[in-house]
Amino acid sequence: MSFRRRASVWIGLLLVVAALFGGGRYYYLWQKRLLRVGDVAIDPLRAIEPTKAYDVLVWEYDLYIPGVNPELRRAALEAAAAELQELHPNIRIRFEWFEGSPSAERLLEALEAGVGPDIAALAGGAVLVDTAYQVPVTPYMQAATREDLLPAVAAAVGSGEHLWVWPRWIDMTVWVGRAASVRELADRPALGVDELLQLRQTWHAPGSSGSPVVYQVYDPALFLAVAVGITGRSLLTSDGALAWSRDEIARAAGVLSGMASEGLLSRDADEISRTRLRRFYEGEAHLMGPVNRTLLHHVLSFFGDLTHDAERIAPPEGMAEVAILSAPLPDGRLLGQYGTVASYAVFRRTDHAGDDHTQAVMQVAQHLSRRMGYWEAANLLAVPPYASSLTSWSRDAGLIQEQAEALIVLAERLAAPPVDAYWSLIEQRAAEEVIVPLLPDLIRGEITAERFAEEVVRGVQSFLATRTAPASTL
Amino acid sequence: MRQTVCALVLCISMVAACNLSAAIDPLQLPVPLAACDVERVLTLTSPFVQGPDVIELQESLRALGLYDGAIDGVYGPRTQEAVQEFQRLVRLPPDGVVDAEVWALLLTAEEPSLLETARTPKPEGDIHIEVDTRTLRLTVYVDGKPYKSYPVAVGRPTRFTLSPVGEWKIVHKGVNWGGGFGTRWLGLNVPWGIYGIHGTNKPSSIGTRASAGCIRMQNRDVEELFEWVSIGTPVRILGDPPSHLEFSRHLRAPLSGSDVVFVQLQLHHLGFDPQGADGRFGENTARAVRELQEAFGLPVDGTVYDDVYYILGLR
């Protein structure tokens, strides 16, 4: 064999190896980028076909927004959908309406039956419904968008390498104080119990009676917000275990029992829970909690701190009457803020409609989350999840600057329930069924903080023992 | 005759009830109280009976060509003669006594000439009625659109004579009760008293706050309306919360009262539908209250306590 012939063979072999290597690498990368959703592999880089018609079904729910007719929100949603349809006339968006956010159980039933939605609006802590159907959004999210997302929100809707939903807004339960009563110490979001005791000296007018801090004992957030503030963690871990130690629970319980024994909290939990608003509005009480976003709207409106101007051109001028705070904490150090993230989740159909269909659905979900998420956040006094939106939101929400800043500071410390919708729901039920019934006894002084902690640990663990996670969750 | 007897029985019962209503807060009582106009019987007495009802009587007799004396509001011999003449014409005993039956016949006899010009065709479609106690107008809506509007008289602005603000239904239709009720009666299902829309023998009171709570119309107007509506026709009476209402009761099923009406109206205004504002705290109202309590993070029990009143803007 001549040299030339041998060289040709070698070159040919090298070319074949190079081709195999290149093809293999391409195949490897292609395989790597595929999203495994149940028994379907989806290519997130697959583009929308301009000539193909896409029919996208969105499950939406009527959201209560104080002072806003539900029809107005529906119209805003339709307008947002129309905007996208102008860019993509081949994408048809249909809405199916529910009274409240559809439960994970209902969604899963529909998905398994082949009648589920492409997109579902989620709220109340639900993020991941089922890995067999839910498509992670990370590969569809541009790097700039990912960087814009508040880190606490990314943690609240993500697990491992994936974000599971397109976030809309951050829903928090806060405390409020009469600004004149707490202003001296309200340069940070949390008040310590010792500080409250100092402030009480200035709060008690001669001859006045009643406790200066009012609360709602049947709201699980009364205890959860304190415990999350102390630990920086929600009640359950992502795999459904109790996330707090007995000592941590006792420390959180000690905040409430200590405030009661010092006279900051009334021991008549039931009566105070039904009259706290009156006491706060009439000046008898100086601090009130927990306050959800709807009640916050009422409180700020009552004190004239909120601009009701339909155009929401500018925030009200001057000093706020109401200070927005976290729950009281032992030392005023806030490690976590109790709250959840409302979002849009994307699902594949039982009979997968194609990777280009998923791409179209992702575009719709992203668009709605940005457009409607912002609109809702401004109207709900919920914080938008993107850093770049915060400045305009402060203005559009009609809040006084210091109130908007307080909400943002709290949102940045968000510590949400487990990503898995199943465990999130279990956490909520455990709080309602185990913790809430013990709180009146704790505040009345009938059980100590340590005994309360023992009861909570025992109760939550026996509650968890009867529940096992479905196979297709994390 | 049976009709007359019924009317008289009703009148007597209402007189009794009206006396009661002056002493008892209607908010606190589940028993029905009368709240409508009751007419006195006119006859020749010494001294002569005087008053605006005598003026109405003289005007009615003059309109029929039976009386040409002074319209002075004094029931004297000339007025009595005219009444007797009228009674002979309508084949009643000519005793000169003007009771409910005489009033009804007088008012009916007045009407034909007026009816000729006022009639509007009976509307087709779903009818509901709105009475605005602020503008003193009654408007008939057909399929949600205004069809015809009438001037009315509403309750005097005192604690026991205000017209019942709320969302009601017509539950009774009556003809020719006479006296202060005029020629037609449309009874409403107000739980704390007997209220209705009716005619009058005091046409000049229309456009004022003069009644004991009922909605007064010109007889020709109420006769027209009477033909258009049926049992069950919705009647919405609009108005502001009266100043005497304190909104302090712990409201829960099955209480009723005008404070319940305003709770229901405010629930609806805030987006929690209690399925009407009928003053009865039933399951629909309790459900709407529970929804409001959940939305605002209040203790959820379906009753109205202090903080619920604050959320509703009633305190």
# chains A, B, ... in the order shown; residues from 1 in each chain; ligands from 1
$ residues_around --residues "Gly116 of chain A" --least-positions-apart "6" --cutoff "9 Å" --atoms "only C-alpha atoms" --output "PyMOL selection string"
chain A and resi 57+59+107-110+347-350
$ interface_residues --of "chain B" --to "chain A" --cutoff "7 Å" --atoms "only C-alpha atoms" --output "number ranges by chain"
B: 270, 295-297, 299, 305-307, 310
$ write_last_selection --atoms "N, CA, C and O atoms" --output "tab-separated table (two decimals), in the first residue's frame"
chain	number	residue	atom	x	y	z
B	270	LEU	N	-69.29	45.19	48.35
B	270	LEU	CA	-67.89	44.77	48.45
B	270	LEU	C	-67.58	43.51	47.65
B	270	LEU	O	-66.44	43.05	47.63
B	295	ALA	N	-61.76	36.39	53.40
B	295	ALA	CA	-60.96	37.28	52.56
B	295	ALA	C	-60.16	38.27	53.39
B	295	ALA	O	-59.02	38.60	53.04
B	296	PHE	N	-60.73	38.73	54.50
B	296	PHE	CA	-60.06	39.77	55.30
B	296	PHE	C	-59.32	39.19	56.51
B	296	PHE	O	-58.82	39.95	57.33
B	297	GLY	N	-59.29	37.87	56.62
B	297	GLY	CA	-58.53	37.26	57.72
B	297	GLY	C	-59.16	37.47	59.08
B	297	GLY	O	-58.47	37.59	60.08
B	299	PRO	N	-61.99	36.06	62.14
B	299	PRO	CA	-62.55	34.78	62.57
B	299	PRO	C	-63.79	34.44	61.75
B	299	PRO	O	-64.68	35.28	61.59
B	305	TYR	N	-69.98	40.77	63.73
B	305	TYR	CA	-69.49	41.34	64.99
B	305	TYR	C	-68.77	42.65	64.69
B	305	TYR	O	-68.72	43.08	63.52
B	306	ASP	N	-68.19	43.26	65.71
B	306	ASP	CA	-67.58	44.60	65.58
B	306	ASP	C	-66.74	44.76	64.32
B	306	ASP	O	-66.94	45.69	63.53
B	307	ASP	N	-65.76	43.88	64.16
B	307	ASP	CA	-64.81	44.08	63.07
B	307	ASP	C	-65.45	43.91	61.70
B	307	ASP	O	-65.00	44.50	60.71
B	310	TYR	N	-66.87	47.15	60.74
B	310	TYR	CA	-65.82	48.07	60.27
B	310	TYR	C	-65.43	47.77	58.83
B	310	TYR	O	-65.27	48.67	58.01
$ closest_residue --among "A:Leu442, A:Val228, A:Met372, A:Ala377" --to "Ala75 of chain A" --atoms "only C-alpha atoms"
A:Met372
$ select_by_dssp --residues "segment 153-253 of chain B" --states "helix (DSSP H, G or I)" --output "list in words"
Gly179, Gly180, Phe181, Pro203, Ser204, Ser205, Asn219, Arg220, Asp221, Val222, Glu223, Glu224, Leu225, Phe226, Glu227 and Trp228 of chain B
$ select_by_dssp --residues "segment 77-232 of chain A" --states "strand (DSSP E)" --output "PyMOL selection string"
chain A and resi 91-98+119-122+158-159+162-163+166-172+174-178+213-215
$ residues_around --residues "segment 92-109 of chain B" --least-positions-apart "3" --cutoff "6 Å" --atoms "only C-alpha atoms" --output "short mmCIF file (atom, residue, chain, number, x, y, z; two decimals) with C-alpha atoms, in the first residue's frame"
data_model
loop_
_atom_site.label_atom_id
_atom_site.label_comp_id
_atom_site.auth_asym_id
_atom_site.auth_seq_id
_atom_site.Cartn_x
_atom_site.Cartn_y
_atom_site.Cartn_z
CA VAL B 41 -114.03 58.74 59.09
CA LEU B 42 -115.59 62.11 58.21
CA THR B 43 -119.09 63.13 59.22
CA GLN B 80 -122.53 66.96 53.95
CA VAL B 83 -121.62 63.74 50.18
CA GLN B 84 -125.26 62.60 50.51
CA GLN B 87 -124.03 58.46 48.07
CA ARG B 88 -127.39 58.51 46.35
CA ASN B 176 -110.11 49.72 46.28
CA GLY B 178 -109.98 53.34 49.87
CA GLY B 179 -109.00 56.12 52.24
#
$ closest_residue --among "B:His172, B:Arg119, B:Arg249, B:Arg209" --to "Thr158 of chain B" --atoms "only C-alpha atoms"
B:Arg209
$ residues_around --residues "segment 83-98 of chain A" --least-positions-apart "3" --cutoff "9 Å" --atoms "only C-alpha atoms" --output "list in words"
Glu49, Pro50, Thr51, Lys52, Ala53, Tyr54, Asp55, Val56, Leu57, Val58, Trp59, Glu60, Tyr61, Asp62, Glu78, Ala79, Ala80, Ser101, Pro102, Pro117, Ala360, Val361, Gln363, Val364, His367 and Leu368 of chain A
$ residues_around --residues "Trp203 of chain A" --least-positions-apart "2" --cutoff "9 Å" --atoms "only C-alpha atoms" --output "PDB file with N, CA and C atoms, in the first residue's frame"
ATOM      1  N   SER A 181     -46.840  55.642  66.863  1.00  0.00           N
ATOM      2  CA  SER A 181     -46.515  54.865  68.060  1.00  0.00           C
ATOM      3  C   SER A 181     -45.215  54.084  67.911  1.00  0.00           C
ATOM      4  N   LEU A 199     -41.748  50.670  74.401  1.00  0.00           N
ATOM      5  CA  LEU A 199     -42.723  51.554  73.758  1.00  0.00           C
ATOM      6  C   LEU A 199     -44.007  51.655  74.563  1.00  0.00           C
ATOM      7  N   ARG A 200     -44.349  50.558  75.226  1.00  0.00           N
ATOM      8  CA  ARG A 200     -45.601  50.551  75.969  1.00  0.00           C
ATOM      9  C   ARG A 200     -45.657  51.696  76.991  1.00  0.00           C
ATOM     10  N   GLN A 201     -44.520  52.074  77.522  1.00  0.00           N
ATOM     11  CA  GLN A 201     -44.515  53.167  78.504  1.00  0.00           C
ATOM     12  C   GLN A 201     -45.083  54.441  77.893  1.00  0.00           C
ATOM     13  N   ALA A 205     -51.914  55.734  77.807  1.00  0.00           N
ATOM     14  CA  ALA A 205     -52.380  57.025  78.304  1.00  0.00           C
ATOM     15  C   ALA A 205     -52.958  56.815  79.688  1.00  0.00           C
ATOM     16  N   PRO A 212     -52.278  46.858  74.313  1.00  0.00           N
ATOM     17  CA  PRO A 212     -51.904  47.695  73.164  1.00  0.00           C
ATOM     18  C   PRO A 212     -51.633  46.915  71.880  1.00  0.00           C
ATOM     19  N   ALA A 285     -55.503  50.341  70.463  1.00  0.00           N
ATOM     20  CA  ALA A 285     -54.370  49.449  70.215  1.00  0.00           C
ATOM     21  C   ALA A 285     -53.374  50.134  69.277  1.00  0.00           C
ATOM     22  N   HIS A 286     -52.109  49.776  69.431  1.00  0.00           N
ATOM     23  CA  HIS A 286     -51.055  50.418  68.644  1.00  0.00           C
ATOM     24  C   HIS A 286     -50.441  49.488  67.614  1.00  0.00           C
TER      25      HIS A 286
END
$ atom_distance --atom1 "atom CA of Pro52 of chain B" --atom2 "atom CA of Ala82 of chain B"
17.4 Å
$ residues_around --residues "Glu223 of chain B" --least-positions-apart "5" --cutoff "10 Å" --atoms "only C-alpha atoms" --output "list of chain:residue names"
B:Glu111, B:Leu115, B:Arg119, B:Val175, B:Gly182, B:Thr183, B:Arg184, B:Trp185, B:His198, B:Gly199, B:Met217, B:Gln218, B:Trp228
$ closest_residue --among "A:Leu399, A:Ala179, A:Ala415, A:Ala243" --to "Ala382 of chain A" --atoms "only C-alpha atoms"
A:Leu399
$ atom_distance --atom1 "atom CA of Leu188 of chain B" --atom2 "atom CA of Arg252 of chain B"
23.1 Å
$ residues_around --residues "Ala397 of chain A" --least-positions-apart "6" --cutoff "7 Å" --atoms "only C-alpha atoms" --output "ChimeraX atom specification"
/A:378-379,381
$ write_last_selection --atoms "N, CA and C atoms" --output "PDB file, in the first residue's frame"
ATOM      1  N   ALA A 378     -50.091  45.482  41.856  1.00  0.00           N
ATOM      2  CA  ALA A 378     -50.358  46.892  42.149  1.00  0.00           C
ATOM      3  C   ALA A 378     -51.724  47.062  42.817  1.00  0.00           C
ATOM      4  N   ASN A 379     -52.676  46.252  42.423  1.00  0.00           N
ATOM      5  CA  ASN A 379     -54.026  46.385  42.984  1.00  0.00           C
ATOM      6  C   ASN A 379     -54.201  45.642  44.297  1.00  0.00           C
ATOM      7  N   LEU A 381     -51.733  45.098  46.645  1.00  0.00           N
ATOM      8  CA  LEU A 381     -50.693  45.392  47.635  1.00  0.00           C
ATOM      9  C   LEU A 381     -49.832  44.150  47.867  1.00  0.00           C
TER      10      LEU A 381
END
$ atom_distance --atom1 "atom CA of Ala190 of chain A" --atom2 "atom CA of Leu264 of chain A"
16.2 Å
